[in-house]
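Reviewing the structure listed below.
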Amino acid sequence: MVGRFASTACLVMLCTVFAYRSTAAQTTAGGTAGQIIHVGATRDIKTIAAAARLVRDDGIVEVDAGDYLADVAVWDKRNLTVRAAGGRVRLIANEASAEGKAIWVVRSEKMQVEGFDFSGAAVPSRNGAGIRFEKGWLVVRDCSFIGNENGILTSNNRDSQLDIEDSEFAHNGFGDGQSHNLYAGEIARLSVTGSHFHHAKVGHLLKTRAALNDIRYNRLTDETGGEASYELEFPNGGVAYVIGNIIQQSASTSNPHLISYGAEGYKWPRNELYLVHNTLLDDRPEGGVFLRVSPGADLVRTENNLLVGNAKDTIGEPARNFRAAFEDLVDRQRGDYHLKKGSRLIGKAVQMAADSTVQLSPQREYAMPRGSIALRKNPINPGAPQN
């Protein structure tokens, strides 16, 4: 199946999943190396909105810790770094929005954002977002999106790329099922690592229509009182690497499915799902469905997943995925999903055939409260936690 994916552009995307990290802008508003725009109550520039208007290509904006009410902005210069300084920066919408869309609207060729908390985005169209990402390449690191109509909402720009690292998404959604903690449209690539998704308001924890999806080492758990629909949905297929995640369905959900793939029809040249070394938990009393795949996928590969709880189905080949009881876990009430010492499943992970294009065997695991840590040894247990 890999051989049918002939597009050079798509192969380049596949090779650059983790390439863009901390190498962005070293120049600033005036275009001179070392200059930085400072924002804060005691600074000459007191609002983020003003900084967004002033910054030029290759600019760095540092925002002093604190609360910024109704301070909404549009970012459209290239190669920007916008980061919190001295602690968290809390962006509280307070009924304001940029362009009637979001707290921030991003149209930057490349932009890194770090250390911000987005909350309260709401607009008349009911899809107000912490960030509306319209085009370019956006990296979001160590941020939170709490209590918005959408956490992050993207456009359908097929050249766009979105990386999310070590962030939190919770209590987002208007409540109509059409808005979500994270909603990626028909973009080129989505990468999500080390992040915690929980308590979406009727919508999904994570919904993506991207051509290439790399979802690794996250915790997508709807938890007590959660009312999210899907925990993870790929409505139009694409390539999806779902590796080393903890994914849990709450007892109070109205949707029995944890993961859905292709439910709205396949739109991409290559539609392959790799579900490997995840811990999947179903708390729905009447049982649910760990994985629903619509007919027409090119390939579905499921291996070394740990299936816990009330769901009646298995996923893929039963000999390569493993059933367990809640009692097999160390302390799921406190978020410890490791297998107990002495469990019959310790060391039972099956040997996986290598993939020539991407690393399928997990190299890290999710770490509370958000983030990930390197594995001390090759994974030997089914499921996500290994150390």
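By order in the structure tokens, chains are A, B, ...; within a chain, residues start at 1; ligands start at 1, following the order shown.
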Report task. Go through region 21-233 of chain A and collect every residue that DSSP, computed from the backbone, puts in alpha helix (DSSP H); the answer should be as a ChimeraX atom specification. Result -> /A:48-54
Any chance you could export the current selection's C-alpha atoms as a PDB file, in the first residue's frame?
```
ATOM      1  CA  ILE A  48      -0.706  41.493  22.424  1.00  0.00           C
ATOM      2  CA  ALA A  49      -2.924  43.025  19.738  1.00  0.00           C
ATOM      3  CA  ALA A  50      -0.487  45.930  19.379  1.00  0.00           C
ATOM      4  CA  ALA A  51       2.485  43.569  19.194  1.00  0.00           C
ATOM      5  CA  ALA A  52       0.793  41.568  16.438  1.00  0.00           C
ATOM      6  CA  ARG A  53       0.379  44.746  14.401  1.00  0.00           C
ATOM      7  CA  LEU A  54       3.966  45.884  14.993  1.00  0.00           C
TER       8      LEU A  54
END
```
Query raised in the report: Got a sec: who's within 7 Å of region 150-158 of chain A, counting only C-alpha atoms, leaving out chain neighbours fewer than 6 positions off, as a PyMOL selection string?
Result: chain A and resi 127-135+169+172-173+179-188
Please save N, CA and C atoms of the selected residues as a short mmCIF file (atom, residue, chain, number, x, y, z; two decimals), in the first residue's frame.
```cif
data_model
loop_
_atom_site.label_atom_id
_atom_site.label_comp_id
_atom_site.auth_asym_id
_atom_site.auth_seq_id
_atom_site.Cartn_x
_atom_site.Cartn_y
_atom_site.Cartn_z
N ASN A 127 -18.70 28.80 16.79
CA ASN A 127 -17.46 28.04 16.60
C ASN A 127 -16.23 28.89 16.92
N GLY A 128 -16.37 29.74 17.92
CA GLY A 128 -15.24 30.53 18.38
C GLY A 128 -14.12 29.64 18.90
N ALA A 129 -12.89 29.97 18.56
CA ALA A 129 -11.75 29.11 18.89
C ALA A 129 -10.72 29.86 19.71
N GLY A 130 -9.97 29.10 20.51
CA GLY A 130 -8.79 29.69 21.11
C GLY A 130 -7.86 30.19 20.03
N ILE A 131 -7.57 29.30 19.06
CA ILE A 131 -6.81 29.67 17.86
C ILE A 131 -7.58 29.19 16.64
N ARG A 132 -7.81 30.11 15.69
CA ARG A 132 -8.26 29.73 14.35
C ARG A 132 -7.02 29.74 13.45
N PHE A 133 -6.62 28.56 13.01
CA PHE A 133 -5.42 28.41 12.20
C PHE A 133 -5.84 28.28 10.74
N GLU A 134 -5.44 29.29 9.93
CA GLU A 134 -5.96 29.35 8.57
C GLU A 134 -4.96 28.92 7.50
N LYS A 135 -3.68 29.16 7.71
CA LYS A 135 -2.71 28.67 6.74
C LYS A 135 -1.30 28.77 7.32
N PHE A 169 -6.28 20.24 26.35
CA PHE A 169 -7.54 20.65 25.74
C PHE A 169 -8.67 20.09 26.60
N ASN A 172 -14.00 22.20 25.95
CA ASN A 172 -14.29 22.98 24.76
C ASN A 172 -15.49 22.38 24.03
N GLY A 173 -16.23 23.23 23.31
CA GLY A 173 -17.41 22.81 22.57
C GLY A 173 -18.59 23.68 22.91
N SER A 179 -18.65 21.17 17.42
CA SER A 179 -17.42 21.85 17.84
C SER A 179 -16.71 20.96 18.85
N HIS A 180 -15.37 21.07 18.90
CA HIS A 180 -14.58 20.02 19.53
C HIS A 180 -13.38 20.59 20.30
N ASN A 181 -12.78 19.73 21.12
CA ASN A 181 -11.55 20.14 21.79
C ASN A 181 -10.48 20.55 20.77
N LEU A 182 -10.29 19.73 19.76
CA LEU A 182 -9.40 20.04 18.64
C LEU A 182 -10.06 19.57 17.36
N TYR A 183 -10.14 20.48 16.38
CA TYR A 183 -10.76 20.13 15.11
C TYR A 183 -9.84 20.57 13.98
N ALA A 184 -9.14 19.60 13.39
CA ALA A 184 -8.28 19.86 12.24
C ALA A 184 -9.03 19.54 10.96
N GLY A 185 -9.07 20.50 10.04
CA GLY A 185 -9.74 20.30 8.77
C GLY A 185 -8.87 19.55 7.79
N GLU A 186 -9.13 19.74 6.50
CA GLU A 186 -8.41 19.03 5.45
C GLU A 186 -7.04 19.70 5.21
N ILE A 187 -6.15 19.51 6.17
CA ILE A 187 -4.81 20.07 6.09
C ILE A 187 -3.83 18.96 5.69
N ALA A 188 -2.59 19.36 5.40
CA ALA A 188 -1.59 18.38 4.97
C ALA A 188 -1.20 17.45 6.09
#
```
Requested in this report: Report the residues of region 197-369 of chain A whose backbone DSSP state falls under strand (DSSP E or B), written as number ranges by chain.
Outcome: A: 197-198, 207-208, 212-216, 219-221, 232-234, 239-243, 246-249, 257-261, 272-276, 279-282, 289-293, 299-303, 306-309, 322-324, 329-331, 336-339, 364-366
**Report entry** Distance criterion (only C-alpha atoms): nearest to Asn278 (chain A) out of A:Ala200, A:Val74, A:Val242, A:Leu375
**Finding:**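 For Asn278 (chain A), the nearest of the given residues is A:Val242.
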Query - Computed interatomic separation between CA of Thr47 (chain A) and CA of Met111 (chain A) (Å) - result: 18.8 Å
Report task. May I have the residues within 12 Å of His204 (chain A) as a PyMOL selection string, using only C-alpha atoms and disregarding those fewer than 2 positions away in the same chain? Result -> chain A and resi 149-151+169-184+197-202+206-208+220-222+226-235+249+253-255+257-260
Requested in this report: Take CA of Tyr217 (chain A) and CA of Lys341 (chain A) and report the distance between them in Å, one decimal.
Outcome: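 If I compute the distance from CA of Tyr217 (chain A) to CA of Lys341 (chain A), I get 21.9 Å.
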Query raised in the report: Can you tell me, as a ChimeraX atom specification, what residues are no more than 10 Å from region 325-339 of chain A when counting only C-alpha atoms, ignoring any on the same chain fewer than 2 positions away?
Result: /A:219,221,223-224,246,279,281-283,306-310,323,341-346,367-369,381-387
May I have the residues from that selection written out with N, CA and C atoms, as a PDB file, in the first residue's frame?
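Result file out37.pdb:
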```pdb
ATOM      1  N   ARG A 219      -2.734  11.459  26.184  1.00  0.00           N
ATOM      2  CA  ARG A 219      -3.811  10.934  27.022  1.00  0.00           C
ATOM      3  C   ARG A 219      -5.116  11.561  26.550  1.00  0.00           C
ATOM      4  N   THR A 221      -8.684  11.054  27.429  1.00  0.00           N
ATOM      5  CA  THR A 221      -9.519  10.373  28.420  1.00  0.00           C
ATOM      6  C   THR A 221     -10.675  11.285  28.814  1.00  0.00           C
ATOM      7  N   GLU A 223     -12.955  10.756  31.095  1.00  0.00           N
ATOM      8  CA  GLU A 223     -12.921  10.788  32.558  1.00  0.00           C
ATOM      9  C   GLU A 223     -14.302  10.902  33.190  1.00  0.00           C
ATOM     10  N   THR A 224     -14.351  11.060  34.493  1.00  0.00           N
ATOM     11  CA  THR A 224     -15.616  11.073  35.227  1.00  0.00           C
ATOM     12  C   THR A 224     -16.469  12.262  34.810  1.00  0.00           C
ATOM     13  N   ILE A 246      -3.044   6.678  25.602  1.00  0.00           N
ATOM     14  CA  ILE A 246      -4.050   6.197  26.538  1.00  0.00           C
ATOM     15  C   ILE A 246      -5.374   6.822  26.112  1.00  0.00           C
ATOM     16  N   THR A 279      -3.346   1.934  24.994  1.00  0.00           N
ATOM     17  CA  THR A 279      -4.190   1.401  26.048  1.00  0.00           C
ATOM     18  C   THR A 279      -5.576   1.998  25.856  1.00  0.00           C
ATOM     19  N   LEU A 281      -9.553   2.063  26.978  1.00  0.00           N
ATOM     20  CA  LEU A 281     -10.395   1.752  28.130  1.00  0.00           C
ATOM     21  C   LEU A 281     -11.827   2.183  27.863  1.00  0.00           C
ATOM     22  N   ASP A 282     -12.760   1.296  28.135  1.00  0.00           N
ATOM     23  CA  ASP A 282     -14.180   1.571  27.938  1.00  0.00           C
ATOM     24  C   ASP A 282     -14.901   1.489  29.276  1.00  0.00           C
ATOM     25  N   ASP A 283     -15.398   2.642  29.743  1.00  0.00           N
ATOM     26  CA  ASP A 283     -16.141   2.696  31.007  1.00  0.00           C
ATOM     27  C   ASP A 283     -17.650   2.714  30.788  1.00  0.00           C
ATOM     28  N   LEU A 306      -3.773  -2.732  24.305  1.00  0.00           N
ATOM     29  CA  LEU A 306      -4.338  -3.297  25.525  1.00  0.00           C
ATOM     30  C   LEU A 306      -5.784  -2.835  25.619  1.00  0.00           C
ATOM     31  N   LEU A 307      -6.725  -3.772  25.639  1.00  0.00           N
ATOM     32  CA  LEU A 307      -8.153  -3.487  25.608  1.00  0.00           C
ATOM     33  C   LEU A 307      -8.747  -3.761  26.977  1.00  0.00           C
ATOM     34  N   VAL A 308      -9.268  -2.718  27.613  1.00  0.00           N
ATOM     35  CA  VAL A 308      -9.717  -2.821  28.994  1.00  0.00           C
ATOM     36  C   VAL A 308     -11.153  -2.328  29.098  1.00  0.00           C
ATOM     37  N   GLY A 309     -11.998  -3.089  29.760  1.00  0.00           N
ATOM     38  CA  GLY A 309     -13.327  -2.591  30.053  1.00  0.00           C
ATOM     39  C   GLY A 309     -14.440  -3.336  29.371  1.00  0.00           C
ATOM     40  N   ASN A 310     -15.539  -2.608  29.118  1.00  0.00           N
ATOM     41  CA  ASN A 310     -16.808  -3.240  28.810  1.00  0.00           C
ATOM     42  C   ASN A 310     -17.097  -3.423  27.321  1.00  0.00           C
ATOM     43  N   ARG A 323      -6.645  -8.483  25.739  1.00  0.00           N
ATOM     44  CA  ARG A 323      -7.693  -8.115  26.680  1.00  0.00           C
ATOM     45  C   ARG A 323      -7.145  -8.082  28.103  1.00  0.00           C
ATOM     46  N   LYS A 341       2.668  -5.254  38.534  1.00  0.00           N
ATOM     47  CA  LYS A 341       3.752  -6.219  38.615  1.00  0.00           C
ATOM     48  C   LYS A 341       3.166  -7.612  38.808  1.00  0.00           C
ATOM     49  N   GLY A 342       3.650  -8.544  38.037  1.00  0.00           N
ATOM     50  CA  GLY A 342       3.155  -9.910  38.123  1.00  0.00           C
ATOM     51  C   GLY A 342       1.984 -10.206  37.212  1.00  0.00           C
ATOM     52  N   SER A 343       1.503  -9.197  36.463  1.00  0.00           N
ATOM     53  CA  SER A 343       0.407  -9.443  35.535  1.00  0.00           C
ATOM     54  C   SER A 343       0.807 -10.501  34.508  1.00  0.00           C
ATOM     55  N   ARG A 344      -0.160 -11.318  34.118  1.00  0.00           N
ATOM     56  CA  ARG A 344       0.079 -12.350  33.109  1.00  0.00           C
ATOM     57  C   ARG A 344       0.473 -11.748  31.761  1.00  0.00           C
ATOM     58  N   LEU A 345       0.227 -10.433  31.580  1.00  0.00           N
ATOM     59  CA  LEU A 345       0.498  -9.790  30.295  1.00  0.00           C
ATOM     60  C   LEU A 345       1.869  -9.133  30.230  1.00  0.00           C
ATOM     61  N   ILE A 346       2.589  -9.088  31.352  1.00  0.00           N
ATOM     62  CA  ILE A 346       3.937  -8.514  31.347  1.00  0.00           C
ATOM     63  C   ILE A 346       4.811  -9.291  30.356  1.00  0.00           C
ATOM     64  N   ALA A 367       3.493  11.314  30.035  1.00  0.00           N
ATOM     65  CA  ALA A 367       3.859  11.595  31.427  1.00  0.00           C
ATOM     66  C   ALA A 367       2.927  12.662  31.982  1.00  0.00           C
ATOM     67  N   MET A 368       2.381  12.422  33.163  1.00  0.00           N
ATOM     68  CA  MET A 368       1.492  13.375  33.829  1.00  0.00           C
ATOM     69  C   MET A 368       2.284  14.613  34.260  1.00  0.00           C
ATOM     70  N   PRO A 369       1.646  15.825  34.334  1.00  0.00           N
ATOM     71  CA  PRO A 369       0.263  16.081  33.914  1.00  0.00           C
ATOM     72  C   PRO A 369       0.118  16.250  32.407  1.00  0.00           C
ATOM     73  N   ASN A 381       5.600  -4.801  26.783  1.00  0.00           N
ATOM     74  CA  ASN A 381       4.247  -5.040  27.257  1.00  0.00           C
ATOM     75  C   ASN A 381       3.228  -4.499  26.253  1.00  0.00           C
ATOM     76  N   PRO A 382       2.068  -5.120  26.151  1.00  0.00           N
ATOM     77  CA  PRO A 382       1.007  -4.488  25.367  1.00  0.00           C
ATOM     78  C   PRO A 382       0.541  -3.209  26.036  1.00  0.00           C
ATOM     79  N   GLY A 383       0.022  -2.298  25.260  1.00  0.00           N
ATOM     80  CA  GLY A 383      -0.444  -1.033  25.801  1.00  0.00           C
ATOM     81  C   GLY A 383       0.594   0.064  25.691  1.00  0.00           C
ATOM     82  N   ALA A 384       0.232   1.248  26.224  1.00  0.00           N
ATOM     83  CA  ALA A 384       1.081   2.430  26.096  1.00  0.00           C
ATOM     84  C   ALA A 384       2.153   2.539  27.185  1.00  0.00           C
ATOM     85  N   PRO A 385       1.803   2.486  28.488  1.00  0.00           N
ATOM     86  CA  PRO A 385       2.840   2.656  29.523  1.00  0.00           C
ATOM     87  C   PRO A 385       3.812   1.473  29.539  1.00  0.00           C
ATOM     88  N   GLN A 386       5.089   1.777  29.630  1.00  0.00           N
ATOM     89  CA  GLN A 386       6.128   0.726  29.595  1.00  0.00           C
ATOM     90  C   GLN A 386       7.136   0.875  30.743  1.00  0.00           C
ATOM     91  N   ASN A 387       7.536   2.080  31.080  1.00  0.00           N
ATOM     92  CA  ASN A 387       8.603   2.277  32.089  1.00  0.00           C
ATOM     93  C   ASN A 387       8.218   1.769  33.467  1.00  0.00           C
TER      94      ASN A 387
END
```
Non-local contacts of Ala65 (chain A) (6 Å; only C-alpha atoms; under 2 positions in same chain excluded) as an mmCIF file with N, CA, C and O atoms, in the first residue's frame:
```
data_model
loop_
_atom_site.group_PDB
_atom_site.id
_atom_site.type_symbol
_atom_site.label_atom_id
_atom_site.label_comp_id
_atom_site.auth_asym_id
_atom_site.auth_seq_id
_atom_site.Cartn_x
_atom_site.Cartn_y
_atom_site.Cartn_z
ATOM 1 N N ALA A 85 6.677 34.829 29.073
ATOM 2 C CA ALA A 85 7.911 35.118 29.810
ATOM 3 C C ALA A 85 7.595 35.268 31.294
ATOM 4 O O ALA A 85 6.720 36.039 31.678
ATOM 5 N N GLY A 86 8.270 34.482 32.132
ATOM 6 C CA GLY A 86 8.114 34.618 33.578
ATOM 7 C C GLY A 86 6.908 33.924 34.158
ATOM 8 O O GLY A 86 6.554 34.170 35.315
ATOM 9 N N GLY A 87 6.266 33.058 33.423
ATOM 10 C CA GLY A 87 5.093 32.344 33.923
ATOM 11 C C GLY A 87 4.014 32.264 32.872
ATOM 12 O O GLY A 87 4.215 32.640 31.710
ATOM 13 N N ARG A 88 2.834 31.774 33.261
ATOM 14 C CA ARG A 88 1.749 31.582 32.314
ATOM 15 C C ARG A 88 1.155 32.912 31.867
ATOM 16 O O ARG A 88 1.027 33.862 32.639
ATOM 17 N N VAL A 89 0.769 32.952 30.605
ATOM 18 C CA VAL A 89 0.005 34.068 30.056
ATOM 19 C C VAL A 89 -1.409 33.563 29.801
ATOM 20 O O VAL A 89 -1.611 32.630 29.024
#
```
Query - Neighbour list for Met352 (chain A) as a ChimeraX atom specification, cut-off 8 Å, only C-alpha atoms, skip fewer than 2 positions in-chain - result: /A:303,350,354,361
Filtering to N, CA and C atoms, could you give me those residues as a tab-separated table (two decimals), in the first residue's frame?
```tsv
chain	number	residue	atom	x	y	z
A	303	GLU	N	-1.81	-3.65	16.49
A	303	GLU	CA	-0.92	-4.57	17.18
A	303	GLU	C	-0.59	-4.05	18.58
A	350	VAL	N	3.83	-8.67	21.16
A	350	VAL	CA	4.27	-9.47	20.03
A	350	VAL	C	5.32	-8.70	19.23
A	354	ALA	N	8.81	-4.41	10.87
A	354	ALA	CA	9.20	-3.01	10.71
A	354	ALA	C	8.44	-2.38	9.54
A	361	SER	N	7.16	1.28	16.48
A	361	SER	CA	7.36	0.91	17.86
A	361	SER	C	7.54	2.17	18.71
```
Query raised in the report: Which residue, A:Pro295, A:Gly203, A:Thr42, A:Ala84, has the smallest gap to Val61 (chain A) when you use only C-alpha atoms?
Result: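 Closest residue, counting only C-alpha atoms: A:Ala84.
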Requested in this report: Quick one: everything within 12 Å of Val140 (chain A), counting only C-alpha atoms, minus sequence neighbours fewer than 6 positions away in the same chain. Send it as a PyMOL selection string.
Outcome: chain A and resi 20-22+81-83+106+110-118+130-131+133+151-152+161-169+190-195
Requested in this report: Tell me which of A:Pro379, A:Gly120, A:Gly265, A:Gly59 sits closest to Gly347 (chain A), counting only C-alpha atoms.
Outcome: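 Closest to Gly347 (chain A), using only C-alpha atoms: A:Pro379.
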Query raised in the report: Interatomic distance between CA of Tyr266 (chain A) and CA of Leu291 (chain A)?
Result: 16.6 Å
